[in-house]
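Chemist: Let me give you the structure first, and then I'll get to my questions.
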Amino acid sequence: MTTSLAGGSAAAALSVDHLTKRFGDRLAFDDVSFEVGKGEVFGFLGPNGAGKTTTVRTLGTLIAPTSGSAMVAGIPLAAENGVEIRRRISIMPESPGLYLRLTVVENLECFADLYEVPDAKDRIGRCLQAVNLADRANDPCGTLSKGLRQRVALARALLSEPEILFLDEPTSGLDPVATRDVHELLLGLRQRGVTIFLTTHRLEEAERICDRVAILSTTLRMIGRPDELRDQLFARSVTVRTRLPLAEPDGVFAGLEAVEGWRLDGPATYVLNVTDPAVAAPVVTRALVAADADVLSINESHHSLEDAYLELIDTDVEATPR
Amino acid sequence: MSLSTRRIRAITRKELREYRRKKSVIVTTAVFPLIFLVQPLAIVFVAPSSSADTLGQFHLLLYMLAIPAMVPAYLAAYSVVGEREQGTLEPILTTPVGREEFLLGKALAALLPSVVIAYLVYAFFLACVALFAQVAVASAIVRPSDILAQVVFTPLLACWSIWVGTAISTRTGDARVAQQLGLLGSLPAVLMTSLIAFNVIPVSLGLGIGLGVLLLVLDGGGWRIVSALFDRERLVTGSGS
């Protein structure tokens, strides 16, 4: 499993080395190592209780690691560097955590002052525009819907123009249009060089906007580009559907170039394990035509990131002693 | 350790804005002063001139020092655990704010309204004495030394109550429990002021200076102790580091 970047640590916004956090006898996460490049959107996936939030809290200097080390925005993770690290990062927790009796602007004013943002009024205005909330600036946060509160929290996270933005389920509770807007906002931030560490349960979200993803289940199970994870977990395959079942499928598929084996997946559906779908597909087509089969379709089998995630997590569940 | 006045001010301003919009805070900060104002006011209105000698043995003004002992304790006891309960503690702790800045901001927010309310109550009481009390009663109640003690000890007592309340708030998991414990924590100060007011502990210049110095030391030490008790990890996760 490759956890480092192609460019090495020099390009890393975040570098985590054998980090472990234990609460008494309970292990939150164990021996986690990875790097996140500057300007990268990094997805951090895992089931509930996998240690994702604890990892973010550790990297955000809210809690101290039990062992291991890390560099956050170029600064060693240590209690004495807490203020300096927190100056350079921003964390949006899963729960917006807004002061509900205060207005949107009053919430943002407080945080702008805590980050000692210069020209705070202007920055607040820009952040509210970025999340399409300028017209609700003077509304008390308690009167906003869950989705709008989420957007206020996102605006708050953008106030300090952080080098690294940690987002815990940023689109939770948002409607599809607002979700799309947030995704566009995040991709815009990436273009400006902001590193985004995205914790999410929405796998299609991770697949859509993340450059790389890591799957955590106390230990780091996998890390890489979404397509790499799929390739690592699933044998590449081609699915063939014919109008009628083949009389002798073994005679058709055996010995074909790039085809390593086959299995029946329905009355007239065959899944072929292949080394390279681009090579195998025309070869299989010719063999089927030669066998006088009525071919309905020949497709490369696709697995989503969700398939990969479930495959990994199910393996973990099965391996867990009861 | 360098402190940012902007960050301290941000916490204080946020707290004061929340106080203004929170009914329970407004009611509490009004009720406690009323409780400690009723008895002295009753004396002002009903005491005949002949009771002046008896009243002269007491220090009625000092009885009202219970106000700065109780009101800030109630406010401070909510300050940390309240943020934790409403889910706002974690976002604020992810900012560069240091724990000393956070606690100072919170303390100032509890101190300012408590001291202002206490001084307003004293002023109201003195006005009532001047307007409605018999002359002999008024001269028995209003003594410059008592007024001076009230002015000096109000912020000192309030600070002490704030650090007691905040210490409880950092170590308690429930806001209501914290506020009840905060009020309990303020009782020794209330008892002390009552004993002095009713002349059980005789007032003297030495006692005043001694108590003043003691409170100054406790107030300074309280901030340090509460800062040490403020454990980000435990507050965020509920587990100790």
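So you can find residues: chains in the structure tokens are A, B, ... in the order shown, residues in each start at 1, and ligands are numbered from 1 in order.
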Please identify every residue of chain A that has at least one atom no more than 10 Å from any atom of chain B, counting only C-alpha atoms, and report them as a PyMOL selection string.

Modeler: chain A and resi 22-24+54+57-58+60-66+82-93+95-102+106-107+109-116+153+156-157+160

Chemist: Keeping only N, CA and C atoms, take the residues you just selected and write them out as a short mmCIF file (atom, residue, chain, number, x, y, z; two decimals), in the first residue's frame.

Modeler:
```cif
data_model
loop_
_atom_site.label_atom_id
_atom_site.label_comp_id
_atom_site.auth_asym_id
_atom_site.auth_seq_id
_atom_site.Cartn_x
_atom_site.Cartn_y
_atom_site.Cartn_z
N ARG A 22 -4.91 6.02 21.58
CA ARG A 22 -5.55 5.05 22.46
C ARG A 22 -6.23 5.80 23.60
N PHE A 23 -7.47 5.45 23.90
CA PHE A 23 -8.16 5.98 25.07
C PHE A 23 -8.23 4.84 26.09
N GLY A 24 -7.33 4.82 27.03
CA GLY A 24 -7.29 3.70 27.97
C GLY A 24 -7.04 2.41 27.22
N THR A 54 -11.50 11.10 15.29
CA THR A 54 -10.38 11.19 16.24
C THR A 54 -9.08 11.54 15.51
N ARG A 57 -9.28 15.21 14.84
CA ARG A 57 -9.07 15.97 16.08
C ARG A 57 -7.60 15.94 16.49
N THR A 58 -6.95 14.81 16.24
CA THR A 58 -5.54 14.70 16.59
C THR A 58 -4.70 15.63 15.71
N GLY A 60 -5.71 18.19 14.28
CA GLY A 60 -6.10 19.57 14.58
C GLY A 60 -5.66 20.02 15.96
N THR A 61 -4.84 19.23 16.63
CA THR A 61 -4.25 19.52 17.96
C THR A 61 -5.28 19.61 19.07
N LEU A 62 -6.47 19.06 18.82
CA LEU A 62 -7.45 19.04 19.92
C LEU A 62 -7.13 17.93 20.90
N ILE A 63 -6.59 16.84 20.40
CA ILE A 63 -6.17 15.76 21.29
C ILE A 63 -4.76 15.31 20.92
N ALA A 64 -4.08 14.74 21.89
CA ALA A 64 -2.67 14.38 21.68
C ALA A 64 -2.57 12.92 21.25
N PRO A 65 -1.69 12.63 20.28
CA PRO A 65 -1.53 11.22 19.89
C PRO A 65 -0.84 10.43 21.00
N THR A 66 -1.11 9.12 21.03
CA THR A 66 -0.43 8.26 22.00
C THR A 66 0.99 7.98 21.53
N GLY A 82 0.57 23.98 18.94
CA GLY A 82 -0.89 23.96 18.72
C GLY A 82 -1.44 25.23 18.11
N VAL A 83 -1.08 26.37 18.68
CA VAL A 83 -1.63 27.64 18.20
C VAL A 83 -1.20 27.88 16.75
N GLU A 84 0.09 27.62 16.46
CA GLU A 84 0.60 27.88 15.11
C GLU A 84 -0.06 26.95 14.09
N ILE A 85 -0.28 25.69 14.47
CA ILE A 85 -0.96 24.76 13.55
C ILE A 85 -2.41 25.22 13.33
N ARG A 86 -3.07 25.57 14.42
CA ARG A 86 -4.49 25.95 14.30
C ARG A 86 -4.67 27.25 13.52
N ARG A 87 -3.61 28.07 13.47
CA ARG A 87 -3.65 29.28 12.65
C ARG A 87 -3.72 28.94 11.17
N ARG A 88 -3.09 27.81 10.80
CA ARG A 88 -2.94 27.48 9.37
C ARG A 88 -3.99 26.51 8.85
N ILE A 89 -4.76 25.95 9.74
CA ILE A 89 -5.77 24.99 9.31
C ILE A 89 -7.15 25.48 9.73
N SER A 90 -8.14 24.79 9.22
CA SER A 90 -9.50 25.09 9.66
C SER A 90 -10.25 23.76 9.69
N ILE A 91 -11.05 23.58 10.71
CA ILE A 91 -11.78 22.33 10.85
C ILE A 91 -13.28 22.62 10.90
N MET A 92 -14.00 21.95 10.04
CA MET A 92 -15.46 22.05 10.11
C MET A 92 -15.98 20.73 10.65
N PRO A 93 -16.40 20.70 11.93
CA PRO A 93 -16.87 19.44 12.51
C PRO A 93 -18.20 19.02 11.88
N SER A 95 -21.05 18.39 13.30
CA SER A 95 -22.14 19.24 13.80
C SER A 95 -21.70 20.70 13.65
N PRO A 96 -22.53 21.55 13.04
CA PRO A 96 -22.08 22.92 12.74
C PRO A 96 -21.58 23.68 13.97
N GLY A 97 -22.22 23.45 15.14
CA GLY A 97 -21.75 24.10 16.36
C GLY A 97 -21.83 25.61 16.29
N LEU A 98 -22.98 26.13 15.88
CA LEU A 98 -23.15 27.58 15.78
C LEU A 98 -23.82 28.11 17.04
N TYR A 99 -23.60 29.37 17.32
CA TYR A 99 -24.32 30.03 18.43
C TYR A 99 -25.69 30.42 17.90
N LEU A 100 -26.69 29.68 18.32
CA LEU A 100 -28.00 29.79 17.68
C LEU A 100 -28.70 31.10 18.01
N ARG A 101 -28.34 31.74 19.12
CA ARG A 101 -28.98 33.02 19.46
C ARG A 101 -28.33 34.19 18.72
N LEU A 102 -27.16 33.94 18.17
CA LEU A 102 -26.46 35.01 17.45
C LEU A 102 -26.79 34.93 15.96
N GLU A 106 -22.77 37.66 13.33
CA GLU A 106 -22.18 37.69 14.67
C GLU A 106 -21.35 36.42 14.92
N ASN A 107 -21.84 35.28 14.44
CA ASN A 107 -21.06 34.05 14.55
C ASN A 107 -19.73 34.19 13.82
N GLU A 109 -18.20 36.97 12.90
CA GLU A 109 -17.36 38.02 13.50
C GLU A 109 -16.51 37.44 14.63
N CYS A 110 -17.15 36.60 15.44
CA CYS A 110 -16.43 35.99 16.57
C CYS A 110 -15.23 35.18 16.05
N PHE A 111 -15.48 34.37 15.05
CA PHE A 111 -14.39 33.50 14.55
C PHE A 111 -13.35 34.31 13.77
N ALA A 112 -13.79 35.35 13.08
CA ALA A 112 -12.82 36.20 12.36
C ALA A 112 -11.86 36.83 13.37
N ASP A 113 -12.38 37.24 14.51
CA ASP A 113 -11.53 37.82 15.56
C ASP A 113 -10.62 36.76 16.18
N LEU A 114 -11.14 35.55 16.36
CA LEU A 114 -10.32 34.49 16.94
C LEU A 114 -9.15 34.13 16.03
N TYR A 115 -9.38 34.23 14.71
CA TYR A 115 -8.29 33.98 13.75
C TYR A 115 -7.50 35.26 13.45
N GLU A 116 -7.91 36.36 14.06
CA GLU A 116 -7.30 37.67 13.84
C GLU A 116 -7.22 37.98 12.34
N ALA A 153 -21.44 27.06 8.71
CA ALA A 153 -20.23 26.42 9.27
C ALA A 153 -19.13 26.36 8.21
N ARG A 156 -17.65 29.74 7.91
CA ARG A 156 -16.79 29.95 9.08
C ARG A 156 -15.43 29.28 8.86
N ALA A 157 -15.45 28.09 8.25
CA ALA A 157 -14.20 27.36 8.03
C ALA A 157 -13.33 28.06 6.97
N SER A 160 -10.54 31.98 7.62
CA SER A 160 -9.11 32.20 7.89
C SER A 160 -8.23 31.90 6.67
#
```

Chemist: If you run DSSP on this backbone, which residues of region 21-217 of chain A come out as alpha helix (DSSP H), and could you give them as JSON, numbers by chain?

Modeler: {"A": [52, 53, 54, 55, 56, 57, 58, 59, 82, 83, 84, 85, 86, 87, 88, 104, 105, 106, 107, 108, 109, 110, 111, 112, 113, 114, 120, 121, 122, 123, 124, 125, 126, 127, 128, 129, 130, 146, 147, 148, 149, 150, 151, 152, 153, 154, 155, 156, 157, 158, 176, 177, 178, 179, 180, 181, 182, 183, 184, 185, 186, 187, 188, 189, 190, 191, 203, 204, 205, 206, 207, 208, 209]}

Chemist: Write the residues you've just listed into a file as a CSV table (one decimal), in the first residue's frame, and include C-alpha atoms for each of them.

Modeler:
```csv
chain,number,residue,atom,x,y,z
A,52,LYS,CA,-11.9,9.2,11.4
A,53,THR,CA,-13.0,12.0,13.6
A,54,THR,CA,-10.4,11.2,16.2
A,55,THR,CA,-7.7,11.4,13.5
A,56,VAL,CA,-9.0,14.8,12.5
A,57,ARG,CA,-9.1,16.0,16.1
A,58,THR,CA,-5.5,14.7,16.6
A,59,LEU,CA,-4.2,16.4,13.5
A,82,GLY,CA,-0.9,24.0,18.7
A,83,VAL,CA,-1.6,27.6,18.2
A,84,GLU,CA,0.6,27.9,15.1
A,85,ILE,CA,-1.0,24.8,13.6
A,86,ARG,CA,-4.5,25.9,14.3
A,87,ARG,CA,-3.7,29.3,12.7
A,88,ARG,CA,-2.9,27.5,9.4
A,104,VAL,CA,-24.9,34.6,11.0
A,105,VAL,CA,-22.7,37.6,10.9
A,106,GLU,CA,-22.2,37.7,14.7
A,107,ASN,CA,-21.1,34.0,14.5
A,108,LEU,CA,-18.6,34.8,11.8
A,109,GLU,CA,-17.4,38.0,13.5
A,110,CYS,CA,-16.4,36.0,16.6
A,111,PHE,CA,-14.4,33.5,14.6
A,112,ALA,CA,-12.8,36.2,12.4
A,113,ASP,CA,-11.5,37.8,15.6
A,114,LEU,CA,-10.3,34.5,16.9
A,120,ALA,CA,-12.8,41.0,8.8
A,121,LYS,CA,-16.0,42.7,7.4
A,122,ASP,CA,-14.9,42.2,3.8
A,123,ARG,CA,-13.7,38.6,4.4
A,124,ILE,CA,-17.0,37.7,6.1
A,125,GLY,CA,-18.9,39.2,3.1
A,126,ARG,CA,-16.9,37.1,0.6
A,127,CYS,CA,-17.3,33.9,2.6
A,128,LEU,CA,-21.0,34.4,2.8
A,129,GLN,CA,-21.2,35.0,-0.9
A,130,ALA,CA,-19.1,31.9,-1.5
A,146,LYS,CA,-30.0,22.3,9.0
A,147,GLY,CA,-28.6,22.8,5.5
A,148,LEU,CA,-28.2,26.5,5.9
A,149,ARG,CA,-26.5,26.0,9.2
A,150,GLN,CA,-24.1,23.6,7.5
A,151,ARG,CA,-23.3,26.4,5.0
A,152,VAL,CA,-22.7,28.9,7.7
A,153,ALA,CA,-20.2,26.4,9.3
A,154,LEU,CA,-18.5,26.1,5.9
A,155,ALA,CA,-18.3,29.9,5.6
A,156,ARG,CA,-16.8,29.9,9.1
A,157,ALA,CA,-14.2,27.4,8.0
A,158,LEU,CA,-13.2,29.5,5.0
A,176,PRO,CA,-28.7,18.1,-4.2
A,177,VAL,CA,-28.3,21.6,-5.6
A,178,ALA,CA,-26.5,22.9,-2.4
A,179,THR,CA,-24.4,19.7,-2.4
A,180,ARG,CA,-23.3,20.5,-6.0
A,181,ASP,CA,-22.5,24.1,-5.0
A,182,VAL,CA,-20.4,22.8,-2.1
A,183,HIS,CA,-18.5,20.4,-4.4
A,184,GLU,CA,-17.9,23.3,-6.9
A,185,LEU,CA,-16.7,25.4,-4.0
A,186,LEU,CA,-14.3,22.7,-2.9
A,187,LEU,CA,-12.9,22.2,-6.4
A,188,GLY,CA,-12.4,25.9,-6.7
A,189,LEU,CA,-10.5,25.9,-3.4
A,190,ARG,CA,-8.3,23.1,-4.7
A,191,GLN,CA,-7.5,25.2,-7.7
A,203,LEU,CA,-18.8,7.4,-1.4
A,204,GLU,CA,-20.1,8.9,-4.6
A,205,GLU,CA,-19.0,12.3,-3.3
A,206,ALA,CA,-15.5,10.9,-2.5
A,207,GLU,CA,-15.3,9.3,-5.9
A,208,ARG,CA,-16.4,12.5,-7.6
A,209,ILE,CA,-14.2,15.1,-6.0
```

Chemist: Mind checking which residues fall within 8 Å of Val135 (chain B), counting only C-alpha atoms, ignoring those fewer than 3 positions away in the same chain, and posting them as a list in words?

Modeler: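 What passes the distance filter is Ser49, Ala138 and Ser139 of chain B.
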
Chemist: Please, could you write that set of residues out with C-alpha atoms as a PDB file, in the first residue's frame?

Modeler:
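Now in part30.pdb:
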```pdb
ATOM      1  CA  SER B  49     -35.323  56.135  64.522  1.00  0.00           C
ATOM      2  CA  ALA B 138     -29.692  56.474  57.332  1.00  0.00           C
ATOM      3  CA  SER B 139     -26.632  57.628  59.234  1.00  0.00           C
TER       4      SER B 139
END
```

Chemist: Can you pull out the residues contacting Ala278 (chain A)? Cut-off 10 Å, using only C-alpha atoms, and skip same-chain residues under 6 positions away; I want them as a ChimeraX atom specification.

Modeler: /A:238,258,300

Chemist: Excluding region 28-32 of chain A and any residue of its chain fewer than 4 positions from it, enumerate the residues within 6 Å of it, using only C-alpha atoms, and give them as a count of residues only.

Modeler: 9

Chemist: Give me the residues near Ala70 (chain A) as a PyMOL selection string, where near means some atom within 6 Å (using only C-alpha atoms) and where sequence neighbours in that chain fewer than 6 positions away do not count.

Modeler: chain A and resi 15-17+76-77

Chemist: Compile the contact shell of Leu305 (chain A) as a ChimeraX atom specification: residues with an atom at most 12 Å away, counting only C-alpha atoms, same-chain residues fewer than 5 positions apart removed.

Modeler: /A:43,45,201-208,210,212-215,222-234,310-312

Chemist: One number please: CA of Phe124 (chain B) to CA of Pro144 (chain B), in Å, one decimal.

Modeler: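 Computed distance, CA of Phe124 (chain B) to CA of Pro144 (chain B), equals 16.3 Å.
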
Chemist: Please extract the residues of region 19-174 of chain A with a backbone DSSP assignment of strand (DSSP E) and present them as a CSV table (one decimal) with N, CA and C atoms, in the first residue's frame.

Modeler:
```csv
chain,number,residue,atom,x,y,z
A,19,LEU,N,1.0,7.0,13.3
A,19,LEU,CA,0.2,7.7,14.4
A,19,LEU,C,-0.8,6.7,15.0
A,20,THR,N,-0.8,6.8,16.4
A,20,THR,CA,-1.7,5.9,17.1
A,20,THR,C,-2.4,6.7,18.2
A,21,LYS,N,-3.7,6.5,18.4
A,21,LYS,CA,-4.4,7.1,19.5
A,21,LYS,C,-5.1,6.0,20.3
A,22,ARG,N,-4.9,6.0,21.6
A,22,ARG,CA,-5.5,5.0,22.5
A,22,ARG,C,-6.2,5.8,23.6
A,23,PHE,N,-7.5,5.4,23.9
A,23,PHE,CA,-8.2,6.0,25.1
A,23,PHE,C,-8.2,4.8,26.1
A,26,ARG,N,-9.0,1.3,24.9
A,26,ARG,CA,-9.7,1.3,23.6
A,26,ARG,C,-8.8,2.0,22.6
A,27,LEU,N,-8.6,1.3,21.4
A,27,LEU,CA,-7.8,1.8,20.4
A,27,LEU,C,-8.6,2.6,19.4
A,28,ALA,N,-8.4,3.9,19.3
A,28,ALA,CA,-9.2,4.8,18.3
A,28,ALA,C,-8.7,4.6,16.9
A,29,PHE,N,-7.4,4.7,16.7
A,29,PHE,CA,-6.8,4.4,15.4
A,29,PHE,C,-5.3,3.9,15.7
A,30,ASP,N,-4.8,3.1,14.8
A,30,ASP,CA,-3.5,2.4,15.1
A,30,ASP,C,-2.6,2.5,13.9
A,31,ASP,N,-1.4,3.0,14.2
A,31,ASP,CA,-0.3,2.9,13.2
A,31,ASP,C,-0.7,3.5,11.9
A,32,VAL,N,-1.2,4.6,11.9
A,32,VAL,CA,-1.7,5.2,10.6
A,32,VAL,C,-0.6,6.1,10.0
A,33,SER,N,-0.3,5.8,8.7
A,33,SER,CA,0.7,6.6,8.0
A,33,SER,C,0.1,7.0,6.7
A,34,PHE,N,0.3,8.2,6.3
A,34,PHE,CA,-0.1,8.7,5.0
A,34,PHE,C,0.4,10.1,4.7
A,35,GLU,N,0.4,10.5,3.5
A,35,GLU,CA,0.7,11.9,3.2
A,35,GLU,C,-0.4,12.5,2.3
A,36,VAL,N,-0.6,13.7,2.4
A,36,VAL,CA,-1.5,14.4,1.6
A,36,VAL,C,-0.8,15.6,0.9
A,37,GLY,N,-0.9,15.7,-0.4
A,37,GLY,CA,-0.2,16.7,-1.1
A,37,GLY,C,-0.8,18.1,-1.0
A,41,VAL,N,-7.3,17.0,-2.9
A,41,VAL,CA,-8.6,16.7,-2.1
A,41,VAL,C,-8.5,15.3,-1.7
A,42,PHE,N,-8.4,15.1,-0.4
A,42,PHE,CA,-8.1,13.7,0.1
A,42,PHE,C,-9.3,13.2,0.9
A,43,GLY,N,-9.9,12.1,0.4
A,43,GLY,CA,-11.0,11.6,1.1
A,43,GLY,C,-10.7,10.6,2.2
A,44,PHE,N,-11.3,10.7,3.3
A,44,PHE,CA,-11.0,9.8,4.5
A,44,PHE,C,-12.3,9.1,4.8
A,45,LEU,N,-12.3,7.8,4.4
A,45,LEU,CA,-13.5,7.0,4.6
A,45,LEU,C,-13.4,6.0,5.6
A,67,SER,N,1.1,7.8,20.2
A,67,SER,CA,2.5,7.6,19.7
A,67,SER,C,2.5,7.9,18.2
A,68,GLY,N,3.6,8.0,17.6
A,68,GLY,CA,3.7,8.4,16.2
A,68,GLY,C,3.9,9.9,16.1
A,69,SER,N,4.1,10.4,14.9
A,69,SER,CA,4.3,11.8,14.6
A,69,SER,C,3.6,12.2,13.4
A,70,ALA,N,3.6,13.5,13.2
A,70,ALA,CA,2.9,14.1,12.0
A,70,ALA,C,3.4,15.5,11.8
A,71,MET,N,3.4,15.9,10.5
A,71,MET,CA,3.6,17.3,10.2
A,71,MET,C,2.4,17.9,9.6
A,72,VAL,N,1.9,18.9,10.2
A,72,VAL,CA,0.6,19.6,9.7
A,72,VAL,C,1.0,21.0,9.2
A,75,ILE,N,4.4,22.0,10.0
A,75,ILE,CA,4.8,22.2,11.4
A,75,ILE,C,4.6,20.8,12.2
A,76,PRO,N,5.6,20.5,13.0
A,76,PRO,CA,5.5,19.2,13.7
A,76,PRO,C,4.3,19.2,14.7
A,89,ILE,N,-4.8,26.0,9.7
A,89,ILE,CA,-5.8,25.0,9.3
A,89,ILE,C,-7.2,25.5,9.7
A,90,SER,N,-8.1,24.8,9.2
A,90,SER,CA,-9.5,25.1,9.7
A,90,SER,C,-10.2,23.8,9.7
A,91,ILE,N,-11.1,23.6,10.7
A,91,ILE,CA,-11.8,22.3,10.8
A,91,ILE,C,-13.3,22.6,10.9
A,92,MET,N,-14.0,21.9,10.0
A,92,MET,CA,-15.5,22.0,10.1
A,92,MET,C,-16.0,20.7,10.7
A,164,ILE,N,-4.9,24.1,5.1
A,164,ILE,CA,-5.5,22.8,5.0
A,164,ILE,C,-6.9,23.0,5.6
A,165,LEU,N,-7.9,22.4,4.9
A,165,LEU,CA,-9.3,22.5,5.4
A,165,LEU,C,-9.8,21.1,5.7
A,166,PHE,N,-10.1,20.9,6.9
A,166,PHE,CA,-10.6,19.6,7.4
A,166,PHE,C,-12.1,19.7,7.4
A,167,LEU,N,-12.8,18.8,6.6
A,167,LEU,CA,-14.2,18.9,6.5
A,167,LEU,C,-14.8,17.6,6.9
A,168,ASP,N,-15.7,17.6,7.9
A,168,ASP,CA,-16.3,16.3,8.4
A,168,ASP,C,-17.7,16.3,7.9
```

Chemist: Check the smallest atom-to-atom distance from each of A:Gly255, A:Arg243, A:Ser172, A:Thr103 to Asp139 (chain A) using only C-alpha atoms, then report the winner.

Modeler: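 The shortest atom-to-atom distance to Asp139 (chain A) comes from A:Thr103.
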
Chemist: Counting only C-alpha atoms, which residues in region 96-193 of chain B sit no more than 6 Å from region 54-73 of chain B? For each one, give the nearest pair of atoms and the distance in Å, sorted by chain then residue number, as CSV.

Modeler:
```
residue,atom,partner,partner_atom,distance
B:Ala110,CA,B:Pro72,CA,5.4
B:Ser114,CA,B:Pro72,CA,5.8
B:Ala140,CA,B:Gly56,CA,4.6
B:Thr154,CA,B:Pro68,CA,5.7
B:Leu157,CA,B:Ala69,CA,5.6
B:Ala158,CA,B:Pro68,CA,4.8
B:Ser161,CA,B:Ala73,CA,4.8
B:Ile162,CA,B:Ala73,CA,5.1
B:Gly165,CA,B:Ala73,CA,4.8
B:Gly182,CA,B:Ala73,CA,5.3
B:Ser186,CA,B:Met70,CA,5.7
B:Val190,CA,B:Ala66,CA,5.0
```
